[in-house]
$ cat final.txt   # compact mmCIF, C-alpha atoms and all ligand atoms
# COMPACT_ATOMS: atom_id res chain seq x y z
CA MET A 1 19.35 -15.52 -20.52
CA SER A 2 16.84 -13.40 -22.37
CA SER A 3 16.10 -14.22 -25.96
CA SER A 4 14.75 -11.95 -28.63
CA ALA A 5 12.20 -14.66 -29.50
CA LEU A 6 10.45 -16.96 -27.06
CA LEU A 7 7.77 -19.55 -27.81
CA LEU A 8 5.57 -21.00 -25.06
CA ARG A 9 4.26 -24.13 -26.67
CA GLY A 10 1.02 -25.99 -26.05
CA GLY A 11 -0.27 -24.37 -22.86
CA GLN A 12 -3.85 -23.66 -21.85
CA VAL A 13 -3.98 -19.91 -22.55
CA LEU A 14 -6.41 -17.58 -20.74
CA ARG A 15 -7.65 -14.89 -23.12
CA PRO A 16 -9.02 -11.46 -22.16
CA ASP A 17 -12.54 -12.59 -23.16
CA ARG A 18 -12.38 -15.20 -20.33
CA THR A 19 -12.11 -18.14 -22.71
CA SER A 20 -9.16 -20.49 -22.50
CA GLY A 21 -7.81 -23.12 -24.82
CA ARG A 22 -4.66 -24.82 -26.00
CA ALA A 23 -2.41 -22.41 -27.92
CA ASP A 24 1.17 -21.26 -28.44
CA VAL A 25 2.34 -17.80 -27.37
CA LEU A 26 5.07 -16.16 -29.44
CA VAL A 27 7.07 -13.37 -27.84
CA ARG A 28 9.44 -11.22 -29.85
CA ASP A 29 11.60 -8.41 -28.46
CA GLY A 30 9.64 -8.41 -25.21
CA VAL A 31 6.23 -8.11 -26.86
CA ILE A 32 3.49 -10.71 -27.33
CA GLN A 33 3.48 -11.07 -31.09
CA GLU A 34 0.98 -13.85 -31.72
CA ILE A 35 -1.23 -16.34 -29.90
CA GLY A 36 -2.48 -19.32 -31.88
CA ALA A 37 -2.17 -22.97 -32.74
CA ASP A 38 1.10 -24.52 -33.96
CA LEU A 39 3.05 -21.29 -34.41
CA ALA A 40 6.35 -21.56 -36.24
CA ALA A 41 9.26 -19.58 -34.83
CA PRO A 42 12.62 -20.77 -36.13
CA GLY A 43 15.43 -19.91 -33.75
CA ALA A 44 13.14 -19.01 -30.85
CA GLU A 45 13.78 -20.32 -27.36
CA VAL A 46 11.00 -22.85 -26.72
CA ILE A 47 9.35 -23.43 -23.34
CA ASP A 48 7.14 -26.49 -23.14
CA ALA A 49 3.87 -25.29 -21.59
CA THR A 50 2.04 -28.61 -21.97
CA GLY A 51 -0.04 -29.29 -18.88
CA ARG A 52 0.30 -25.69 -17.77
CA LEU A 53 -2.09 -22.78 -17.61
CA VAL A 54 -0.70 -19.63 -19.27
CA LEU A 55 -1.90 -16.47 -17.51
CA PRO A 56 -1.04 -12.79 -17.57
CA GLY A 57 1.41 -12.15 -14.72
CA PHE A 58 -0.15 -10.82 -11.53
CA VAL A 59 -0.03 -7.08 -10.90
CA ASP A 60 0.47 -6.42 -7.20
CA ALA A 61 -0.98 -2.95 -6.82
CA HIS A 62 0.26 -2.28 -3.29
CA ARG A 63 3.31 -3.82 -1.70
CA HIS A 64 6.16 -2.54 0.47
CA LEU A 65 9.06 -4.42 -1.10
CA TRP A 66 11.70 -3.28 1.43
CA LEU A 67 9.90 -5.45 4.00
CA GLY A 68 11.07 -8.49 2.02
CA ALA A 69 13.95 -8.55 4.49
CA LEU A 70 11.54 -8.81 7.43
CA SER A 71 9.04 -11.45 6.27
CA ALA A 72 6.85 -12.94 9.02
CA SER A 73 8.36 -10.64 11.63
CA SER A 74 5.22 -8.90 12.82
CA SER A 75 2.12 -10.95 12.10
CA GLY A 76 -1.02 -11.17 14.16
CA VAL A 77 -0.87 -7.71 15.73
CA PRO A 78 -3.06 -4.61 15.22
CA LEU A 79 -1.89 -1.81 12.91
CA PHE A 80 -0.53 0.53 15.56
CA THR A 81 1.54 -2.26 17.17
CA TYR A 82 2.72 -3.30 13.71
CA ALA A 83 3.75 0.27 12.86
CA GLN A 84 5.72 0.56 16.11
CA GLN A 85 7.49 -2.74 15.53
CA ILE A 86 8.21 -2.29 11.83
CA ASN A 87 8.20 1.31 10.66
CA GLU A 88 9.48 2.94 13.84
CA GLY A 89 11.42 -0.14 15.01
CA HIS A 90 13.28 -2.16 12.42
CA GLY A 91 12.81 0.51 9.74
CA ASP A 92 15.04 3.04 11.47
CA ALA A 93 17.89 0.50 11.50
CA PHE A 94 17.96 0.33 7.68
CA THR A 95 20.79 1.87 5.64
CA ALA A 96 20.86 2.17 1.84
CA ASP A 97 22.52 -1.28 1.66
CA ASP A 98 19.65 -2.77 3.67
CA ILE A 99 17.09 -1.06 1.43
CA TYR A 100 18.81 -2.61 -1.59
CA ALA A 101 18.88 -6.10 -0.03
CA GLY A 102 15.29 -5.92 1.24
CA VAL A 103 13.81 -4.58 -2.00
CA LEU A 104 15.73 -7.04 -4.18
CA TRP A 105 14.67 -9.96 -1.99
CA GLY A 106 11.11 -8.63 -1.79
CA ALA A 107 10.94 -8.34 -5.57
CA LEU A 108 12.18 -11.92 -5.96
CA GLN A 109 9.53 -13.10 -3.48
CA ALA A 110 6.93 -11.44 -5.67
CA ILE A 111 8.32 -12.83 -8.93
CA ASN A 112 8.48 -16.30 -7.38
CA ALA A 113 4.75 -16.01 -6.65
CA GLY A 114 3.90 -15.01 -10.24
CA VAL A 115 3.85 -11.24 -9.77
CA THR A 116 5.30 -9.58 -12.86
CA THR A 117 4.38 -5.97 -12.03
CA VAL A 118 4.40 -4.31 -8.64
CA ALA A 119 3.47 -1.01 -7.05
CA ASP A 120 6.43 -0.70 -4.71
CA TRP A 121 5.22 1.58 -1.92
CA ALA A 122 8.53 2.67 -0.43
CA HIS A 123 7.98 4.25 2.98
CA ASN A 124 11.38 3.77 4.54
CA LEU A 125 13.50 6.07 2.41
CA GLY A 126 15.41 8.66 4.41
CA SER A 127 17.82 10.01 1.81
CA PRO A 128 18.49 10.24 -1.93
CA ALA A 129 20.98 7.36 -1.47
CA ASP A 130 18.13 5.20 -0.10
CA ILE A 131 15.99 6.07 -3.14
CA ASP A 132 18.82 5.20 -5.51
CA ALA A 133 19.33 1.85 -3.73
CA ASN A 134 15.61 1.10 -4.09
CA VAL A 135 15.72 1.95 -7.81
CA ARG A 136 18.81 -0.21 -8.35
CA ALA A 137 17.22 -3.19 -6.60
CA LEU A 138 14.06 -2.92 -8.73
CA SER A 139 16.15 -2.70 -11.90
CA ASP A 140 18.30 -5.69 -10.93
CA SER A 141 15.31 -7.86 -9.97
CA GLY A 142 13.82 -7.73 -13.48
CA ILE A 143 10.29 -6.94 -12.24
CA ARG A 144 8.12 -4.23 -13.82
CA ALA A 145 7.38 -1.58 -11.24
CA ARG A 146 5.94 1.75 -10.38
CA LEU A 147 7.98 2.97 -7.44
CA PHE A 148 5.85 5.13 -5.16
CA PHE A 149 8.55 6.80 -3.16
CA GLY A 150 8.12 9.16 -0.29
CA GLY A 151 9.69 9.85 3.01
CA LYS A 152 9.48 7.78 6.13
CA ALA A 153 6.07 6.57 7.22
CA THR A 154 6.58 8.53 10.42
CA SER A 155 6.09 12.25 10.96
CA SER A 156 9.45 12.97 9.32
CA GLY A 157 8.02 11.81 6.01
CA ASP A 158 7.62 15.10 4.15
CA VAL A 159 8.41 14.19 0.56
CA SER A 160 9.11 17.77 -0.52
CA ARG A 161 12.77 17.44 0.46
CA PHE A 162 13.19 14.89 -2.35
CA ALA A 163 11.80 17.19 -5.07
CA ASP A 164 15.14 17.92 -6.76
CA HIS A 165 16.16 14.27 -6.62
CA ALA A 166 12.80 13.29 -8.12
CA ARG A 167 13.33 15.62 -11.09
CA ASP A 168 16.78 14.13 -11.60
CA MET A 169 15.43 10.55 -11.49
CA LEU A 170 12.63 11.31 -13.93
CA ALA A 171 15.21 12.63 -16.36
CA ARG A 172 17.26 9.44 -16.00
CA HIS A 173 14.26 7.07 -16.26
CA PRO A 174 11.93 8.36 -18.96
CA ALA A 175 8.35 7.02 -19.05
CA GLY A 176 7.75 3.86 -21.03
CA GLY A 177 10.49 1.73 -19.47
CA ARG A 178 10.19 -1.18 -17.02
CA LEU A 179 10.43 1.24 -14.08
CA GLU A 180 8.21 4.25 -13.59
CA PHE A 181 7.53 6.45 -10.59
CA GLY A 182 4.86 7.89 -8.36
CA LEU A 183 4.72 9.55 -4.96
CA GLY A 184 3.65 7.50 -1.93
CA LEU A 185 2.24 10.19 0.33
CA ARG A 186 1.03 10.15 3.93
CA GLY A 187 -2.31 11.68 2.96
CA PRO A 188 -4.93 13.16 5.30
CA SER A 189 -4.81 10.22 7.73
CA MET A 190 -1.15 10.83 8.57
CA SER A 191 -0.37 14.49 7.90
CA THR A 192 -1.87 17.97 8.30
CA PRO A 193 -4.07 19.56 5.60
CA GLU A 194 -1.22 21.98 4.79
CA GLU A 195 1.26 19.12 4.34
CA THR A 196 -1.21 17.19 2.22
CA GLU A 197 -1.79 20.18 -0.05
CA ARG A 198 1.94 20.83 -0.43
CA GLU A 199 2.72 17.20 -1.24
CA PHE A 200 -0.19 16.73 -3.68
CA THR A 201 0.81 19.95 -5.43
CA LEU A 202 4.38 18.71 -5.76
CA ALA A 203 3.22 15.39 -7.26
CA ARG A 204 1.17 17.24 -9.85
CA GLU A 205 4.03 19.61 -10.67
CA LEU A 206 6.21 16.56 -11.27
CA GLY A 207 3.48 14.77 -13.24
CA LEU A 208 3.62 11.78 -10.88
CA PRO A 209 0.61 9.70 -9.78
CA ILE A 210 -0.16 9.57 -6.06
CA SER A 211 -0.90 6.67 -3.72
CA ILE A 212 -2.02 7.05 -0.11
CA HIS A 213 -3.23 4.73 2.64
CA ALA A 214 -6.86 5.70 3.25
CA GLY A 215 -10.17 4.49 4.62
CA MET A 216 -8.86 2.24 7.37
CA ALA A 217 -11.10 1.66 10.41
CA GLY A 218 -10.50 4.31 13.05
CA LEU A 219 -9.02 6.76 10.53
CA PRO A 220 -12.10 8.02 8.66
CA GLY A 221 -12.66 10.96 6.37
CA ALA A 222 -9.56 11.06 4.13
CA VAL A 223 -11.53 11.30 0.90
CA THR A 224 -13.92 13.85 2.39
CA GLN A 225 -11.00 16.02 3.41
CA LEU A 226 -9.34 15.74 -0.01
CA HIS A 227 -12.67 16.73 -1.56
CA GLU A 228 -12.93 19.78 0.70
CA GLN A 229 -9.37 20.74 -0.25
CA ARG A 230 -10.17 20.19 -3.96
CA LEU A 231 -7.35 17.67 -4.21
CA LEU A 232 -9.24 14.62 -5.56
CA GLY A 233 -8.29 13.41 -9.02
CA PRO A 234 -7.82 10.47 -11.38
CA ASP A 235 -4.15 10.38 -10.36
CA VAL A 236 -4.91 9.24 -6.80
CA ASN A 237 -4.83 5.59 -5.67
CA TYR A 238 -6.25 4.67 -2.26
CA ALA A 239 -4.75 1.60 -0.60
CA HIS A 240 -7.08 -0.40 1.69
CA ALA A 241 -10.23 1.79 1.21
CA THR A 242 -12.02 -0.59 3.57
CA GLU A 243 -14.26 1.89 5.37
CA PHE A 244 -15.16 4.57 2.84
CA SER A 245 -18.66 5.96 3.31
CA THR A 246 -21.07 5.72 0.37
CA ARG A 247 -20.51 9.43 -0.25
CA GLU A 248 -16.74 8.84 -0.34
CA TRP A 249 -17.14 6.02 -2.85
CA GLU A 250 -19.17 8.39 -5.03
CA LEU A 251 -16.46 11.05 -4.72
CA VAL A 252 -13.73 8.57 -5.68
CA ALA A 253 -15.80 7.32 -8.62
CA GLY A 254 -16.61 10.85 -9.74
CA SER A 255 -12.97 11.91 -9.62
CA GLY A 256 -11.69 8.82 -11.47
CA GLY A 257 -9.54 7.64 -8.56
CA THR A 258 -8.60 3.99 -8.03
CA VAL A 259 -8.35 1.63 -5.06
CA THR A 260 -6.20 -1.30 -4.02
CA ALA A 261 -7.54 -3.97 -1.66
CA THR A 262 -5.11 -5.98 0.46
CA PRO A 263 -7.51 -8.61 1.86
CA THR A 264 -5.24 -10.46 4.29
CA VAL A 265 -4.12 -7.26 6.00
CA ASP A 266 -7.50 -5.53 5.61
CA LEU A 267 -9.46 -8.33 7.25
CA THR A 268 -7.09 -9.99 9.71
CA MET A 269 -5.48 -6.77 10.95
CA GLY A 270 -8.93 -5.26 11.39
CA LEU A 271 -8.69 -2.37 8.93
CA GLY A 272 -12.27 -3.17 7.93
CA VAL A 273 -14.76 -5.98 7.40
CA ARG A 274 -15.09 -5.92 3.62
CA PRO A 275 -12.31 -5.65 1.01
CA ALA A 276 -12.61 -2.68 -1.34
CA THR A 277 -13.00 -4.99 -4.35
CA GLY A 278 -16.72 -5.37 -3.53
CA PRO A 279 -17.82 -1.73 -3.28
CA ALA A 280 -15.38 -0.72 -6.05
CA ALA A 281 -17.21 -3.02 -8.46
CA GLY A 282 -20.54 -1.56 -7.37
CA HIS A 283 -19.36 2.03 -7.87
CA GLY A 284 -17.46 1.46 -11.12
CA VAL A 285 -14.08 2.24 -9.53
CA ALA A 286 -10.96 0.54 -10.93
CA ALA A 287 -9.51 -1.82 -8.33
CA GLY A 288 -6.38 -3.90 -7.90
CA LEU A 289 -5.15 -6.38 -5.32
CA GLY A 290 -2.00 -6.22 -3.24
CA ALA A 291 -0.21 -8.35 -0.67
CA ASP A 292 0.86 -5.16 1.17
CA THR A 293 3.48 -6.48 3.57
CA VAL A 294 5.22 -9.83 3.90
CA ALA A 295 6.21 -8.74 7.41
CA TYR A 296 2.58 -9.46 8.27
CA GLY A 297 1.06 -11.63 5.53
CA PRO A 298 1.79 -13.91 2.58
CA SER A 299 3.64 -12.99 -0.63
CA ASP A 300 1.20 -14.16 -3.30
CA LEU A 301 -2.05 -12.98 -4.85
CA PHE A 302 -3.65 -16.44 -5.19
CA GLY A 303 -4.65 -16.31 -1.54
CA GLU A 304 -5.64 -12.64 -1.76
CA MET A 305 -8.06 -13.46 -4.62
CA ARG A 306 -9.63 -16.32 -2.70
CA LEU A 307 -9.96 -14.26 0.46
CA ALA A 308 -11.51 -11.33 -1.44
CA LEU A 309 -14.09 -13.63 -3.00
CA ALA A 310 -14.92 -15.31 0.32
CA ALA A 311 -15.23 -11.97 2.11
CA GLU A 312 -17.50 -10.49 -0.55
CA ARG A 313 -19.76 -13.54 -0.34
CA VAL A 314 -19.82 -13.30 3.47
CA HIS A 315 -20.92 -9.68 3.06
CA THR A 316 -23.71 -10.40 0.59
CA ASN A 317 -24.84 -13.70 2.11
CA ALA A 318 -24.97 -12.54 5.73
CA PRO A 319 -28.42 -10.86 5.59
CA VAL A 320 -29.90 -13.86 3.75
CA VAL A 321 -28.43 -16.31 6.25
CA ALA A 322 -29.65 -14.11 9.11
CA ARG A 323 -33.20 -14.63 7.80
CA GLY A 324 -32.68 -18.37 8.09
CA GLU A 325 -32.45 -18.82 4.32
CA MET A 326 -29.83 -20.17 1.93
CA PRO A 327 -28.52 -17.76 -0.76
CA SER A 328 -29.79 -18.63 -4.25
CA GLU A 329 -27.16 -16.46 -5.99
CA LEU A 330 -23.51 -15.89 -5.21
CA ALA A 331 -21.63 -12.59 -5.57
CA GLN A 332 -18.65 -12.28 -7.92
CA ASP A 333 -16.68 -15.17 -9.42
CA HIS A 334 -13.12 -16.34 -9.98
CA GLN A 335 -12.81 -14.63 -13.36
CA HIS A 336 -13.65 -11.26 -11.82
CA LEU A 337 -10.98 -11.68 -9.15
CA LEU A 338 -8.42 -12.87 -11.73
CA GLU A 339 -9.10 -9.70 -13.70
CA VAL A 340 -8.75 -7.54 -10.60
CA ALA A 341 -5.39 -9.22 -9.87
CA THR A 342 -4.11 -8.64 -13.42
CA ARG A 343 -5.60 -5.97 -15.65
CA GLY A 344 -7.32 -4.21 -12.72
CA GLY A 345 -3.92 -3.68 -11.11
CA ALA A 346 -2.49 -2.55 -14.43
CA GLN A 347 -5.24 0.06 -14.67
CA VAL A 348 -4.55 1.23 -11.11
CA LEU A 349 -0.88 1.72 -12.01
CA GLY A 350 -1.52 3.36 -15.39
CA PHE A 351 -0.01 0.36 -17.18
CA ASP A 352 -3.24 -0.97 -18.72
CA LYS A 353 -2.11 -0.38 -22.29
CA ILE A 354 1.05 -2.45 -21.81
CA THR A 355 0.45 -5.26 -19.30
CA GLY A 356 -2.24 -7.26 -17.49
CA GLU A 357 -3.58 -9.31 -20.40
CA LEU A 358 -2.44 -11.82 -22.98
CA SER A 359 -3.00 -10.04 -26.28
CA PRO A 360 -0.72 -9.30 -29.24
CA GLY A 361 0.97 -5.94 -28.77
CA PHE A 362 1.10 -6.15 -24.97
CA ARG A 363 4.44 -6.48 -23.21
CA ALA A 364 5.27 -10.14 -22.53
CA ASP A 365 4.52 -10.29 -18.78
CA LEU A 366 3.14 -13.79 -18.27
CA ILE A 367 3.28 -16.85 -16.08
CA THR A 368 2.57 -20.55 -16.37
CA VAL A 369 0.90 -22.53 -13.61
CA ASP A 370 1.70 -26.24 -13.56
CA LEU A 371 -1.63 -28.07 -13.53
CA ARG A 372 -0.18 -31.56 -13.37
CA GLY A 373 -0.05 -31.88 -9.58
CA PRO A 374 -2.83 -33.93 -7.95
CA HIS A 375 -4.30 -30.83 -6.32
CA LEU A 376 -4.81 -29.08 -9.68
CA ASP A 377 -5.24 -31.92 -12.19
CA GLY A 378 -9.03 -32.07 -12.34
CA PHE A 379 -12.00 -32.81 -14.51
CA GLY A 380 -13.49 -29.35 -14.81
CA ASP A 381 -12.33 -25.84 -15.72
CA PRO A 382 -8.52 -25.56 -15.39
CA VAL A 383 -8.73 -21.81 -14.72
CA LEU A 384 -11.07 -22.44 -11.81
CA ALA A 385 -8.84 -25.27 -10.58
CA ALA A 386 -5.87 -22.89 -10.45
CA PHE A 387 -7.95 -20.20 -8.74
CA LEU A 388 -9.13 -22.63 -6.10
CA GLY A 389 -5.89 -24.40 -5.35
CA ALA A 390 -2.71 -22.87 -6.79
CA GLY A 391 0.09 -21.16 -4.89
CA PRO A 392 3.60 -19.83 -5.53
CA ARG A 393 5.06 -23.34 -5.79
CA ASP A 394 2.81 -24.09 -8.75
CA VAL A 395 4.13 -21.09 -10.70
CA ASP A 396 6.38 -22.81 -13.18
CA THR A 397 7.52 -20.00 -15.49
CA VAL A 398 7.63 -16.24 -14.99
CA VAL A 399 8.38 -13.93 -17.92
CA VAL A 400 8.70 -10.14 -17.54
CA ASP A 401 9.19 -7.97 -20.59
CA GLY A 402 10.14 -11.10 -22.54
CA THR A 403 12.84 -12.19 -20.07
CA VAL A 404 12.46 -15.51 -18.24
CA LEU A 405 12.86 -14.89 -14.49
CA LYS A 406 11.56 -18.25 -13.23
CA ARG A 407 12.07 -21.46 -15.13
CA ASP A 408 10.91 -25.00 -14.25
CA GLY A 409 9.70 -23.72 -10.89
CA VAL A 410 13.02 -22.12 -9.88
CA LEU A 411 13.99 -18.42 -9.89
CA SER A 412 16.48 -17.99 -12.70
CA GLY A 413 17.50 -14.33 -12.81
CA PRO A 414 21.18 -13.36 -12.44
CA HIS A 415 20.87 -11.94 -8.90
CA VAL A 416 19.09 -14.73 -7.02
CA GLU A 417 21.97 -16.23 -5.02
CA ARG A 418 23.56 -12.82 -4.42
CA ALA A 419 20.20 -11.54 -3.15
CA ARG A 420 19.96 -14.43 -0.69
CA GLN A 421 23.40 -13.67 0.73
CA LEU A 422 22.71 -9.94 0.89
CA VAL A 423 19.42 -10.29 2.75
CA LEU A 424 20.92 -12.72 5.29
CA ALA A 425 23.75 -10.25 5.98
CA SER A 426 21.29 -7.36 6.13
CA ARG A 427 19.15 -9.15 8.74
CA GLU A 428 22.22 -9.67 10.93
CA ARG A 429 23.11 -5.98 10.67
CA ILE A 430 19.54 -4.92 11.51
CA ARG A 431 19.47 -7.24 14.54
CA ALA A 432 22.84 -5.92 15.73
CA ARG A 433 21.81 -2.26 15.38
CA ARG A 434 18.63 -2.89 17.34
CA ARG A 435 20.40 -4.50 20.30
ZN ZN B 501 0.62 -0.35 2.78
$ encode --input "final.txt" --output "structure tokens"
Amino acid sequence: MSSSALLLRGGQVLRPDRTSGRADVLVRDGVIQEIGADLAAPGAEVIDATGRLVLPGFVDAHRHLWLGALSASSSGVPLFTYAQQINEGHGDAFTADDIYAGVLWGALQAINAGVTTVADWAHNLGSPADIDANVRALSDSGIRARLFFGGKATSSGDVSRFADHARDMLARHPAGGRLEFGLGLRGPSMSTPEETEREFTLARELGLPISIHAGMAGLPGAVTQLHEQRLLGPDVNYAHATEFSTREWELVAGSGGTVTATPTVDLTMGLGVRPATGPAAGHGVAAGLGADTVAYGPSDLFGEMRLALAAERVHTNAPVVARGEMPSELAQDHQHLLEVATRGGAQVLGFDKITGELSPGFRADLITVDLRGPHLDGFGDPVLAAFLGAGPRDVDTVVVDGTVLKRDGVLSGPHVERARQLVLASRERIRARRR
């Protein structure tokens, strides 16, 4: 049950200035009111955070939540095989009920892993009823979201046919709530220049930010084409962005665009050899991290942070090692990746004034990581210990907008058991329709 006042007592709190220390966090009416020692809050619900690290909740800046129904169904294959199996295979067997079940379950997977805000990139919506089911599932899950809706990922994905429905939804969900919108468009890699222009123009008429998949190996030139069509802008987010040319990075930086790296998919599916977090930092481009698809990879950002750091160090160390030397300096650090996975994602989603850091005035989107297990209970920096070794099972508490959605390591929202039943039934229906 949500409470108008919530006190997390005695945790190790990570501050925006990268320091951490023992403090209480007082939440009132969904907002972080105060962080300090021995806070008094008569009547508040108290959560004992002793032995836990208190962090801003993760912001997953690119994830297809509907694939929550299909976790681990298409791993270890290249992108075009994956797209055939998932988008053109299972995806076509989905009805609005399956969208609801998949998105709700996918959102709970994310919350369980400490994700409090998600960019839900919905590319299996064939009708207004599908969009409404997606919206309902996000609302019921309790997660904060920007729903990037569009058509199907396939050639039938022209989003223009949803224009009237989009206007209607925007009227029903005014900006500033837990759920906001954007358009997930096919972009130059998956549509014609005319389609791209029409869809970008629609997004701007509606005042909605845009996200596209761009820069993957074998599909070059998306940013260059957008530049030639004069369509670049600060409202465009590029997912993957693994193989942008230097000129394209400069164009993205100059236009104020943002990127989202999805390291597991980027590197193991072969979309590139370096996550976008590295070049984004070099070019001053805002970057977030995403898990992308649980049909292929894991559901948490702990692993994505570690993989991004390892990959960036491989990239910078390789020339030194090739000379037969040992690197004397190492690129990036855990604090940088933690910021990318929290306030970086918030910036990508246009939520940076409300979430992504633990400061008074920000919405209360936060998690605790239990440090008492042998794998995390160390001698050194507890933030580094969590970065190096934590996973979804160590996420003890998840709070979104002041509401506790995971408590004592167990999902606690009102829809958890129903979601489990719905997704099991949905999987049976999808299997039956595909026979
Ligand atoms: Zn994607």
$ residues_near_ligand --input "final.txt" --ligand "ligand ZN 501 (chain B)" --cutoff "12 Å" --atoms "all atoms listed in the file" --output "VMD selection string"
chain A and resid 60 to 67 79 82 to 83 86 to 87 119 to 124 148 153 184 to 186 211 to 216 237 to 241 260 to 266 271 289 to 297
$ residues_around --input "final.txt" --residues "Leu388 of chain A" --least-positions-apart "2" --cutoff "10 Å" --atoms "all atoms listed in the file" --output "CSV table (one decimal) with C-alpha atoms, in the coordinates of the input"
chain,number,residue,atom,x,y,z
A,302,PHE,CA,-3.6,-16.4,-5.2
A,303,GLY,CA,-4.6,-16.3,-1.5
A,305,MET,CA,-8.1,-13.5,-4.6
A,306,ARG,CA,-9.6,-16.3,-2.7
A,334,HIS,CA,-13.1,-16.3,-10.0
A,375,HIS,CA,-4.3,-30.8,-6.3
A,376,LEU,CA,-4.8,-29.1,-9.7
A,382,PRO,CA,-8.5,-25.6,-15.4
A,383,VAL,CA,-8.7,-21.8,-14.7
A,384,LEU,CA,-11.1,-22.4,-11.8
A,385,ALA,CA,-8.8,-25.3,-10.6
A,386,ALA,CA,-5.9,-22.9,-10.4
A,390,ALA,CA,-2.7,-22.9,-6.8
A,391,GLY,CA,0.1,-21.2,-4.9
$ residues_near_point --input "final.txt" --point "(-15.8, -1.8, 5.3)" --cutoff "6 Å" --atoms "only C-alpha atoms" --output "list in words"
Thr242, Glu243, Gly272, Val273 and Arg274 of chain A
$ residues_around --input "final.txt" --residues "Leu6 of chain A" --least-positions-apart "4" --cutoff "6 Å" --atoms "all atoms listed in the file" --output "ChimeraX atom specification"
/A:26-27,44-46
$ atom_distance --input "final.txt" --atom1 "atom CA of Arg420 of chain A" --atom2 "atom CA of Ala432 of chain A"
18.7 Å
$ atom_distance --input "final.txt" --atom1 "atom CA of Glu228 of chain A" --atom2 "atom CA of Pro279 of chain A"
22.4 Å
$ residues_around --input "final.txt" --residues "His415 of chain A" --least-positions-apart "2" --cutoff "8 Å" --atoms "all atoms listed in the file" --output "MDAnalysis selection string"
chainID A and resid 140:141 413 417:419
$ axis_aligned_box --input "final.txt" --around "segment 351-363 of chain A" --padding-each-side "4 Å" --output "lines of an AutoDock Vina configuration file"
center_x = 0.4
center_y = -5.7
center_z = -23.2
size_x = 16.0
size_y = 20.2
size_z = 20.1
$ residues_near_point --input "final.txt" --point "(22.0, -6.7, 7.3)" --cutoff "10 Å" --atoms "only C-alpha atoms" --output "PyMOL selection string"
chain A and resi 69+93-95+97-99+101-102+421-433
$ atom_distance --input "final.txt" --atom1 "atom CA of Glu195 of chain A" --atom2 "atom CA of Asp158 of chain A"
7.5 Å
